[in-house]
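To start, the structure under review is shown below, and the notes come after it.
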Amino acid sequence: MEFKNNDARNTYEQLDERLKDVAYEMSVWCKENNLPFVITRCVGPRSKTSVTDIHADKRAFDSSVRGWSIDCCHKFADTFNEKFAKEIGAIAKSTHEPILVVYHNSGEGWHLHNQVRKL
Ligand SMILES: [Zn+2]
């Protein structure tokens, strides 16, 4: 597991414990698949392009897909959504379904947004 910058590194510890457990499993999966796992953003104020304030609420982190194929991005999202979405994924505003990993471009480039439900 790597961090893009000090801000991501310094706010990682504040994340919801369930999310840190998931991040660990993700780092193992990435290692097995020879993919870099770089956390780019953890806790912070709502950005201009953000749909929700879930990062401010310590229930989401973003990770980079630099060097990843699109297939890998989807495989990652499918793998962790199948494993965790039903149990702990945050409820999507658009579909009202629980989702843990969102592969999207919210205006600042394609990335993986990983989120958990409010306890
Ligand atoms: Zn995000």
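Ligands are numbered from 1 in the order shown, residues from 1 within each chain, and chains are lettered A, B, ... in the order they appear in the structure tokens.
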
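Proximal residues of ligand 1 are Arg41, Cys42, Ser50, Ile54, His55, Ala60, Phe61, Asp62, Leu112, His113, Asn114 and Gln115 of chain A, by a cut-off of 8 Å on only C-alpha atoms and all ligand atoms.
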
Which parts of chain A does DSSP call helix (DSSP H, G or I) when run on the backbone here, written out as number ranges by chain?
A: 6-12, 17-32, 70-88

So that I can see what lies close to A:Ile39, please list as a PyMOL selection string the residues with an atom at most 12 Å from it, counting only C-alpha atoms and leaving out residues fewer than 6 positions away in the same chain.
chain A and resi 1-12+20+23-24+26-27+60-66+111-114

Serialized selection, N, CA and C atoms, as a short mmCIF file (atom, residue, chain, number, x, y, z; two decimals), in the first residue's frame:
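Result file follows (selection21.cif):
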data_model
loop_
_atom_site.label_atom_id
_atom_site.label_comp_id
_atom_site.auth_asym_id
_atom_site.auth_seq_id
_atom_site.Cartn_x
_atom_site.Cartn_y
_atom_site.Cartn_z
N MET A 1 0.85 -1.20 0.00
CA MET A 1 0.00 0.00 0.00
C MET A 1 0.88 1.24 0.00
N GLU A 2 0.58 2.13 -0.94
CA GLU A 2 1.36 3.38 -1.00
C GLU A 2 0.40 4.57 -0.92
N PHE A 3 0.97 5.72 -0.67
CA PHE A 3 0.17 6.94 -0.60
C PHE A 3 0.70 7.96 -1.59
N LYS A 4 -0.21 8.66 -2.23
CA LYS A 4 0.19 9.64 -3.24
C LYS A 4 0.90 10.83 -2.61
N ASN A 5 0.46 11.21 -1.41
CA ASN A 5 1.05 12.39 -0.76
C ASN A 5 0.84 12.31 0.76
N ASN A 6 1.41 13.24 1.45
CA ASN A 6 1.33 13.24 2.92
C ASN A 6 -0.10 13.43 3.43
N ASP A 7 -0.88 14.17 2.67
CA ASP A 7 -2.25 14.41 3.10
C ASP A 7 -3.02 13.09 3.14
N ALA A 8 -2.85 12.27 2.10
CA ALA A 8 -3.51 10.96 2.06
C ALA A 8 -2.97 10.07 3.18
N ARG A 9 -1.65 10.08 3.36
CA ARG A 9 -1.02 9.25 4.38
C ARG A 9 -1.47 9.66 5.79
N ASN A 10 -1.49 10.96 6.03
CA ASN A 10 -1.79 11.46 7.38
C ASN A 10 -3.25 11.31 7.78
N THR A 11 -4.14 11.22 6.80
CA THR A 11 -5.56 11.10 7.15
C THR A 11 -6.04 9.64 7.08
N TYR A 12 -5.19 8.73 6.60
CA TYR A 12 -5.59 7.32 6.48
C TYR A 12 -6.04 6.73 7.81
N LYS A 20 -10.55 0.36 6.61
CA LYS A 20 -9.13 0.01 6.69
C LYS A 20 -8.94 -1.50 6.50
N ALA A 23 -9.25 -2.04 2.85
CA ALA A 23 -8.05 -1.53 2.16
C ALA A 23 -6.91 -2.53 2.24
N TYR A 24 -6.81 -3.20 3.39
CA TYR A 24 -5.76 -4.22 3.53
C TYR A 24 -5.99 -5.36 2.54
N MET A 26 -7.58 -5.21 -0.21
CA MET A 26 -7.34 -4.68 -1.55
C MET A 26 -5.85 -4.67 -1.86
N SER A 27 -5.04 -4.32 -0.87
CA SER A 27 -3.59 -4.26 -1.10
C SER A 27 -3.05 -5.66 -1.39
N ALA A 60 -14.76 7.04 3.21
CA ALA A 60 -14.35 6.77 1.82
C ALA A 60 -12.88 7.12 1.63
N PHE A 61 -12.23 6.35 0.73
CA PHE A 61 -10.92 6.76 0.24
C PHE A 61 -10.87 6.49 -1.26
N ASP A 62 -10.00 7.20 -1.94
CA ASP A 62 -9.82 7.02 -3.37
C ASP A 62 -8.48 6.35 -3.62
N SER A 63 -8.43 5.54 -4.68
CA SER A 63 -7.15 4.95 -5.07
C SER A 63 -6.95 5.11 -6.58
N SER A 64 -5.67 5.14 -6.94
CA SER A 64 -5.27 5.43 -8.31
C SER A 64 -5.39 4.21 -9.21
N VAL A 65 -5.67 4.44 -10.48
CA VAL A 65 -5.67 3.36 -11.46
C VAL A 65 -4.56 3.59 -12.50
N ARG A 66 -3.61 4.41 -12.14
CA ARG A 66 -2.47 4.65 -13.05
C ARG A 66 -1.73 3.33 -13.26
N HIS A 111 -10.74 7.11 -11.33
CA HIS A 111 -10.15 6.53 -10.13
C HIS A 111 -11.15 5.58 -9.48
N LEU A 112 -10.70 4.90 -8.44
CA LEU A 112 -11.56 4.01 -7.67
C LEU A 112 -11.95 4.72 -6.38
N HIS A 113 -13.25 4.86 -6.17
CA HIS A 113 -13.77 5.47 -4.95
C HIS A 113 -14.31 4.31 -4.11
N ASN A 114 -13.78 4.17 -2.91
CA ASN A 114 -14.12 3.03 -2.05
C ASN A 114 -14.82 3.54 -0.80
#

What is the distance between atom CA of A:Leu100 and atom CA of A:Phe76, in Å to one decimal?
10.9 Å

Based on DSSP run over this structure's backbone, return all residues of chain A in strand (DSSP E or B), as a short mmCIF file (atom, residue, chain, number, x, y, z; two decimals) with C-alpha atoms, in the first residue's frame.
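Okay, this is what ended up in result-v5.cif:
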data_model
loop_
_atom_site.label_atom_id
_atom_site.label_comp_id
_atom_site.auth_asym_id
_atom_site.auth_seq_id
_atom_site.Cartn_x
_atom_site.Cartn_y
_atom_site.Cartn_z
CA GLU A 2 1.36 3.38 -1.00
CA PHE A 3 0.17 6.94 -0.60
CA VAL A 38 -1.79 3.88 -4.38
CA ILE A 39 -4.19 5.68 -2.06
CA THR A 40 -4.70 9.20 -3.34
CA ARG A 41 -7.22 10.68 -0.93
CA ALA A 60 -14.35 6.77 1.82
CA PHE A 61 -10.92 6.76 0.24
CA ASP A 62 -9.82 7.02 -3.37
CA SER A 63 -7.15 4.95 -5.07
CA GLY A 89 -21.23 -0.76 1.01
CA ALA A 90 -22.64 2.76 1.11
CA ILE A 91 -26.06 3.26 -0.41
CA PRO A 98 -25.33 -0.67 -1.64
CA ILE A 99 -22.00 -0.26 -3.40
CA VAL A 101 -16.28 0.35 -5.06
CA VAL A 102 -17.17 2.94 -7.66
CA TYR A 103 -14.92 3.21 -10.73
CA HIS A 104 -15.61 6.71 -11.97
CA ASN A 105 -14.43 10.06 -13.18
CA TRP A 110 -10.73 8.15 -13.50
CA HIS A 111 -10.15 6.53 -10.13
CA LEU A 112 -11.56 4.01 -7.67
CA HIS A 113 -13.77 5.47 -4.95
CA ASN A 114 -14.12 3.03 -2.05
CA GLN A 115 -16.85 3.65 0.51
CA VAL A 116 -18.70 2.13 3.46
#

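Here the question is which of A:Asp16, A:Cys30, A:Ser47, A:Lys58 gets nearest to A:Thr79 using only C-alpha atoms, and that residue is A:Cys30.
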
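Our summary of the geometry notes that atom CA of A:Leu35 is positioned 7.6 Å from atom CA of A:Gly67.
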
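Of the residues under consideration (A:Val43, A:Val28, A:Ile88, A:Leu119), A:Val43 shows the shortest atom-to-atom contact distance to A:Gln14 when counting only C-alpha atoms.
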
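Each of A:Thr52, A:Asn33, A:Glu108, A:Pro45 was checked against A:Cys72 using only C-alpha atoms; the smallest atom-to-atom distance is that of A:Asn33.
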
How far is it from atom CA of A:Arg18 to atom CA of A:Arg46, in Å with one decimal?
21.1 Å
